[in-house]
file run.cif (mmCIF, C-alpha atoms)
data_coords
#
loop_
_atom_site.label_atom_id
_atom_site.label_comp_id
_atom_site.auth_asym_id
_atom_site.auth_seq_id
_atom_site.Cartn_x
_atom_site.Cartn_y
_atom_site.Cartn_z
CA MET A 1 83.07 114.77 106.90
CA VAL A 2 85.25 114.84 110.01
CA VAL A 3 88.90 115.39 109.14
CA PHE A 4 90.28 116.20 112.59
CA GLU A 5 89.05 115.16 116.01
CA LYS A 6 90.24 114.30 119.49
CA PRO A 7 91.85 110.85 119.71
CA HIS A 8 89.65 108.29 121.42
CA SER A 9 92.55 107.40 123.73
CA LEU A 10 92.46 110.87 125.29
CA THR A 11 89.83 111.67 127.90
CA ASP A 12 87.75 114.85 127.97
CA ALA A 13 89.58 116.17 131.04
CA PRO A 14 91.00 119.68 130.48
CA LEU A 15 94.79 119.68 130.50
CA HIS A 16 96.41 121.40 133.48
CA TYR A 17 99.59 122.38 131.63
CA CYS A 18 100.74 125.99 131.30
CA PRO A 19 99.74 127.94 128.16
CA GLY A 20 102.08 127.07 125.32
CA CYS A 21 103.41 123.90 126.95
CA THR A 22 103.93 121.19 124.37
CA HIS A 23 103.03 118.31 126.69
CA GLY A 24 99.56 118.53 125.17
CA ILE A 25 100.92 117.92 121.67
CA ILE A 26 102.94 114.95 122.88
CA HIS A 27 99.92 113.51 124.71
CA ARG A 28 97.96 113.71 121.48
CA LEU A 29 100.70 111.96 119.50
CA VAL A 30 100.81 109.10 122.02
CA ALA A 31 97.02 108.79 121.93
CA GLU A 32 96.98 108.86 118.12
CA ALA A 33 99.52 106.02 118.04
CA ILE A 34 97.41 103.97 120.44
CA ASP A 35 94.28 104.64 118.38
CA SER A 36 95.87 103.82 115.04
CA LEU A 37 97.28 100.55 116.35
CA GLY A 38 93.98 99.61 118.00
CA ILE A 39 95.60 98.83 121.36
CA GLU A 40 93.76 101.09 123.83
CA GLY A 41 92.16 98.16 125.65
CA GLU A 42 95.51 96.42 126.04
CA THR A 43 97.63 99.45 126.97
CA ILE A 44 98.84 100.45 130.43
CA GLY A 45 100.64 103.76 130.89
CA VAL A 46 102.99 104.67 133.72
CA ALA A 47 102.79 108.29 134.86
CA PRO A 48 105.83 110.08 136.32
CA VAL A 49 106.41 112.62 139.05
CA GLY A 50 106.76 116.04 137.45
CA CYS A 51 104.63 118.16 135.15
CA ALA A 52 102.96 115.04 133.74
CA VAL A 53 102.19 113.59 137.16
CA MET A 54 98.46 113.71 136.36
CA ALA A 55 98.78 112.00 132.99
CA TYR A 56 96.45 109.34 134.39
CA ASN A 57 93.64 111.91 134.00
CA TYR A 58 94.25 112.35 130.29
CA PHE A 59 94.84 108.91 128.78
CA ALA A 60 91.79 106.67 128.44
CA CYS A 61 93.81 103.49 128.91
CA ASP A 62 94.69 102.02 132.30
CA MET A 63 97.34 104.06 134.11
CA VAL A 64 99.69 103.47 137.05
CA GLU A 65 101.46 106.19 139.05
CA ALA A 66 105.16 105.56 139.74
CA ALA A 67 107.41 107.09 142.36
CA HIS A 68 109.83 109.73 141.09
CA GLY A 69 112.16 108.18 138.51
CA ARG A 70 110.90 104.64 138.93
CA ALA A 71 108.64 104.45 135.88
CA PRO A 72 110.96 102.13 133.88
CA ALA A 73 111.10 99.73 136.83
CA VAL A 74 107.32 99.84 137.25
CA ALA A 75 106.87 99.38 133.50
CA THR A 76 109.25 96.41 133.59
CA GLY A 77 107.24 94.78 136.37
CA LEU A 78 103.97 95.35 134.54
CA LYS A 79 105.31 93.94 131.29
CA ARG A 80 106.76 90.84 132.92
CA ALA A 81 103.54 90.21 134.84
CA LEU A 82 101.31 91.03 131.86
CA PRO A 83 103.40 90.19 128.79
CA ASP A 84 100.44 90.46 126.41
CA ASN A 85 99.74 94.07 127.40
CA ILE A 86 101.36 97.14 125.86
CA ILE A 87 103.23 99.14 128.49
CA PHE A 88 104.54 102.69 128.12
CA SER A 89 106.07 105.20 130.49
CA TYR A 90 105.79 108.97 130.05
CA GLN A 91 108.61 110.89 131.76
CA GLY A 92 110.31 114.26 131.94
CA ASP A 93 114.03 114.98 132.06
CA GLY A 94 114.23 115.40 135.83
CA ASP A 95 112.33 112.15 136.34
CA LEU A 96 114.15 110.07 133.72
CA ALA A 97 117.62 111.60 133.44
CA SER A 98 118.26 112.45 137.10
CA ILE A 99 116.70 110.37 139.86
CA GLY A 100 115.58 107.71 137.36
CA MET A 101 118.77 107.35 135.34
CA ALA A 102 119.69 103.95 136.78
CA GLU A 103 116.23 102.52 136.06
CA THR A 104 116.39 103.90 132.53
CA VAL A 105 119.83 102.55 131.72
CA HIS A 106 119.19 99.09 133.13
CA ALA A 107 115.79 98.70 131.47
CA ALA A 108 117.45 99.69 128.19
CA THR A 109 120.43 97.37 128.54
CA ARG A 110 118.10 94.46 129.37
CA ASN A 111 116.08 95.38 126.28
CA GLU A 112 112.86 95.27 128.25
CA ASN A 113 109.94 95.16 125.81
CA ILE A 114 108.48 98.52 126.84
CA THR A 115 108.05 101.94 125.22
CA VAL A 116 109.41 105.07 126.93
CA ILE A 117 108.28 108.57 125.99
CA PHE A 118 110.94 110.98 127.31
CA VAL A 119 110.07 114.68 127.33
CA ASN A 120 113.18 116.89 127.38
CA ASN A 121 112.48 120.56 128.09
CA ALA A 122 115.84 121.23 129.75
CA ILE A 123 114.42 122.30 133.10
CA TYR A 124 112.54 121.09 136.17
CA GLY A 125 109.05 122.37 135.37
CA MET A 126 106.68 121.40 138.17
CA THR A 127 108.99 122.34 141.05
CA GLY A 128 109.72 125.87 139.88
CA GLY A 129 112.37 125.93 137.19
CA GLN A 130 115.53 124.48 138.68
CA MET A 131 118.48 123.34 136.54
CA ALA A 132 117.94 119.86 135.14
CA PRO A 133 120.42 117.24 133.90
CA THR A 134 119.52 118.41 130.39
CA SER A 135 119.78 122.19 130.98
CA LEU A 136 122.09 123.73 128.38
CA PRO A 137 125.50 125.26 129.10
CA GLY A 138 124.90 128.85 130.11
CA GLN A 139 121.15 128.33 130.53
CA VAL A 140 119.62 130.51 133.24
CA THR A 141 117.41 128.67 135.72
CA GLN A 142 116.28 129.22 139.31
CA THR A 143 119.35 127.36 140.57
CA SER A 144 121.75 128.69 137.92
CA PRO A 145 120.87 132.41 137.84
CA TYR A 146 124.15 133.23 136.06
CA GLY A 147 123.76 130.35 133.63
CA ARG A 148 124.80 126.70 133.88
CA ASP A 149 128.52 126.61 134.60
CA VAL A 150 129.91 123.37 133.21
CA ALA A 151 132.98 123.73 135.41
CA THR A 152 130.88 123.09 138.49
CA ALA A 153 127.62 121.55 137.19
CA GLY A 154 129.08 119.44 134.40
CA TYR A 155 127.70 119.10 130.91
CA PRO A 156 124.10 118.25 129.98
CA ILE A 157 123.35 114.57 129.54
CA ARG A 158 122.52 113.56 125.98
CA VAL A 159 120.27 110.63 126.82
CA SER A 160 119.65 109.33 123.30
CA GLU A 161 123.33 109.30 122.42
CA MET A 162 124.22 107.58 125.69
CA LEU A 163 121.59 104.84 125.44
CA SER A 164 122.39 104.21 121.78
CA LYS A 165 125.84 103.01 122.81
CA LEU A 166 124.33 100.13 124.80
CA ASP A 167 123.98 96.76 123.12
CA GLY A 168 120.47 96.16 124.45
CA PRO A 169 117.98 98.74 123.13
CA GLU A 170 115.95 98.15 119.99
CA PHE A 171 115.10 101.74 119.07
CA ILE A 172 116.32 105.13 120.27
CA ALA A 173 115.20 108.33 118.54
CA ARG A 174 115.08 112.05 119.25
CA VAL A 175 112.28 114.18 117.83
CA ALA A 176 110.78 117.61 118.51
CA VAL A 177 107.34 119.23 118.43
CA ASN A 178 108.17 122.87 117.70
CA ASN A 179 106.80 122.95 114.14
CA VAL A 180 104.53 120.94 111.86
CA LYS A 181 107.34 119.09 110.11
CA ASN A 182 108.85 117.95 113.40
CA VAL A 183 105.46 117.02 114.86
CA LYS A 184 104.85 114.69 111.91
CA ALA A 185 108.26 113.06 112.40
CA ALA A 186 107.55 112.72 116.13
CA ALA A 187 104.23 111.00 115.41
CA LYS A 188 105.98 108.48 113.18
CA ALA A 189 108.69 107.72 115.77
CA ILE A 190 106.22 107.33 118.64
CA LYS A 191 104.07 104.95 116.62
CA LYS A 192 107.18 102.94 115.73
CA GLY A 193 108.04 102.71 119.42
CA PHE A 194 104.67 101.11 120.14
CA GLN A 195 104.83 98.88 117.06
CA ASN A 196 108.24 97.58 118.17
CA GLN A 197 106.67 96.45 121.42
CA ILE A 198 103.78 94.78 119.62
CA ASP A 199 106.35 92.97 117.47
CA LYS A 200 108.26 91.94 120.63
CA LYS A 201 111.44 93.65 119.48
CA GLY A 202 112.29 95.20 122.85
CA PHE A 203 113.10 98.56 124.41
CA SER A 204 112.17 101.74 122.55
CA LEU A 205 112.80 105.26 123.82
CA ILE A 206 111.58 108.32 121.99
CA GLU A 207 113.08 111.55 123.32
CA VAL A 208 110.89 114.55 122.53
CA VAL A 209 112.56 117.97 122.64
CA SER A 210 109.93 120.20 124.19
CA SER A 211 109.44 123.75 125.45
CA CYS A 212 108.65 125.27 128.85
CA PRO A 213 107.56 128.89 128.27
CA THR A 214 106.71 129.53 131.92
CA ASN A 215 110.02 128.49 133.45
CA TRP A 216 112.07 129.75 130.52
CA GLY A 217 110.39 133.15 130.99
CA MET A 218 109.26 133.37 127.37
CA THR A 219 106.11 133.63 125.33
CA PRO A 220 105.01 130.35 123.73
CA GLU A 221 106.14 131.62 120.31
CA LYS A 222 109.58 132.63 121.54
CA ALA A 223 109.93 129.33 123.41
CA LEU A 224 109.34 127.36 120.21
CA GLN A 225 111.95 129.48 118.46
CA TRP A 226 114.35 128.89 121.37
CA VAL A 227 113.91 125.16 120.83
CA GLU A 228 114.91 125.63 117.19
CA ASP A 229 117.82 127.99 117.86
CA ASN A 230 119.30 126.47 121.02
CA MET A 231 117.98 123.04 121.97
CA ILE A 232 118.01 121.27 118.62
CA PRO A 233 121.62 122.28 117.83
CA TYR A 234 122.68 120.77 121.18
CA TYR A 235 120.28 117.83 120.94
CA PRO A 236 120.26 116.91 117.22
CA LEU A 237 117.16 115.14 115.99
CA GLY A 238 117.23 111.73 114.39
CA VAL A 239 117.28 107.97 114.91
CA TYR A 240 120.19 107.01 117.13
CA LYS A 241 119.65 103.26 117.18
CA ASP A 242 117.39 100.95 115.20
CA ARG A 243 118.56 97.36 115.47
CA SER A 244 115.99 96.04 113.00
CA ALA A 245 117.09 98.52 110.35
CA GLU A 246 120.74 97.72 111.06
CA LYS A 247 120.06 94.01 110.55
CA GLU A 248 118.32 94.76 107.28
CA GLY A 249 121.26 96.92 106.18
CA LYS A 250 119.20 100.09 105.92
#

call {"tool": "encode", "arguments": {"input": "run.cif", "output": "structure tokens"}}
result
Amino acid sequence: MVVFEKPHSLTDAPLHYCPGCTHGIIHRLVAEAIDSLGIEGETIGVAPVGCAVMAYNYFACDMVEAAHGRAPAVATGLKRALPDNIIFSYQGDGDLASIGMAETVHAATRNENITVIFVNNAIYGMTGGQMAPTSLPGQVTQTSPYGRDVATAGYPIRVSEMLSKLDGPEFIARVAVNNVKNVKAAAKAIKKGFQNQIDKKGFSLIEVVSSCPTNWGMTPEKALQWVEDNMIPYYPLGVYKDRSAEKEGK
């Protein structure tokens, strides 16, 4: 009896990510949600610019490549042109929270019926480890060798908290994939994000706190512990907005 196998919505292409990178876990969770909902043939994903730029190689559904930061705009266009399809974007923090912040905020406030998977590893990964909008105070990066100085660089952007203050979005949640318990919670939130779109409820964003061992200069094990000790305290996990639950008084 098979108890564990590769999701059908993932291709057989070997992942290009660095050893210990948790993009692979997140890819699997997205694919598992697509499989369990039976929507692979109706789903279109939008790939970002960044570490996940080649996501089109890994998901078995149709994929579109967006310019840097423009995935929510591309996803909006796809959904409006093909309202019966399920549209998701997969984006990192540099893509979504920096150059793509305007697209993100406006898609959310319009409550576009799309699903956004936002991977927050607090650094620019693909381009060599520069400080990102989500890099922590004091965090050492290639462009903040003495640590992020909030006096000059400002504070990290807490995307989930910010978007939850808008009237538009249906569902905003922050999860993590650094241990089994958190992976299970992440799977549940990601599936809910897709189900909300199927139910025509509107914009869902699931922020996934992730690790980047290579650019953090850590082993995979230490990077996962750093997520627990440093990232999660600054980016608390949980559901930040769920309009359906609010209406039901839950």

call {"tool": "residues_around", "arguments": {"input": "run.cif", "residues": "Asn182 (chain A)", "least_positions_apart": "4", "cutoff": "12 Å", "atoms": "all atoms listed in the file", "output": "list in words"}}
result
Ile25, Ile26, Leu29, Arg174, Val175, Ala176, Val177, Asn178, Ala186, Ala187, Lys188, Ala189, Val208, Val209, Ser210, Leu224, Val227, Glu228, Ile232, Leu237 and Gly238 of chain A

call {"tool": "resolve_selection", "arguments": {"input": "run.cif", "expression": "the PyMOL selection byres ((chain A and resi 158) around 12)", "output": "JSON, numbers by chain"}}
result
{"A": [93, 96, 97, 98, 101, 118, 120, 122, 133, 134, 135, 136, 155, 156, 157, 159, 160, 161, 162, 163, 164, 165, 172, 173, 174, 207, 209, 231, 232, 233, 234, 235, 236, 237, 240]}

call {"tool": "residues_around", "arguments": {"input": "run.cif", "residues": "Pro213 (chain A)", "least_positions_apart": "4", "cutoff": "10 Å", "atoms": "all atoms listed in the file", "output": "CSV table (one decimal) with C-alpha atoms, keeping the file's coordinate frame"}}
result
chain,number,residue,atom,x,y,z
A,18,CYS,CA,100.7,126.0,131.3
A,19,PRO,CA,99.7,127.9,128.2
A,20,GLY,CA,102.1,127.1,125.3
A,21,CYS,CA,103.4,123.9,127.0
A,22,THR,CA,103.9,121.2,124.4
A,121,ASN,CA,112.5,120.6,128.1
A,125,GLY,CA,109.0,122.4,135.4
A,217,GLY,CA,110.4,133.2,131.0
A,218,MET,CA,109.3,133.4,127.4
A,219,THR,CA,106.1,133.6,125.3
A,220,PRO,CA,105.0,130.4,123.7
A,221,GLU,CA,106.1,131.6,120.3
A,222,LYS,CA,109.6,132.6,121.5
A,223,ALA,CA,109.9,129.3,123.4
A,224,LEU,CA,109.3,127.4,120.2
A,226,TRP,CA,114.4,128.9,121.4

call {"tool": "residues_around", "arguments": {"input": "run.cif", "residues": "Ile34 (chain A)", "least_positions_apart": "3", "cutoff": "8 Å", "atoms": "only C-alpha atoms", "output": "ChimeraX atom specification"}}
result
/A:9,30-31,37-40,43,191,194

call {"tool": "residues_near_point", "arguments": {"input": "run.cif", "point": "(107.3, 106.7, 127.0)", "cutoff": "7 Å", "atoms": "all atoms listed in the file", "output": "PyMOL selection string"}}
result
chain A and resi 88-91+115-118+205-206

call {"tool": "closest_residue", "arguments": {"input": "run.cif", "among": "A:Arg110, A:His23, A:Arg148, A:Arg80", "to": "Leu166 (chain A)", "atoms": "all atoms listed in the file"}}
result
A:Arg110

call {"tool": "atom_distance", "arguments": {"input": "run.cif", "atom1": "CA of Gln225 (chain A)", "atom2": "CA of Lys181 (chain A)"}}
result
14.1 Å

call {"tool": "residues_around", "arguments": {"input": "run.cif", "residues": "region 69-77 of chain A", "least_positions_apart": "5", "cutoff": "7 Å", "atoms": "all atoms listed in the file", "output": "number ranges by chain"}}
result
A: 46, 48, 87-89, 95-96, 99-100, 103-104, 107, 112, 114

call {"tool": "resolve_selection", "arguments": {"input": "run.cif", "expression": "the PyMOL selection byres ((chain A and resi 109) around 7)", "output": "list in words"}}
result
Val105, His106, Ala107, Ala108, Arg110, Asn111, Leu166, Asp167, Gly168 and Pro169 of chain A

call {"tool": "atom_distance", "arguments": {"input": "run.cif", "atom1": "CA of Ile123 (chain A)", "atom2": "CA of Ala60 (chain A)"}}
result
27.9 Å
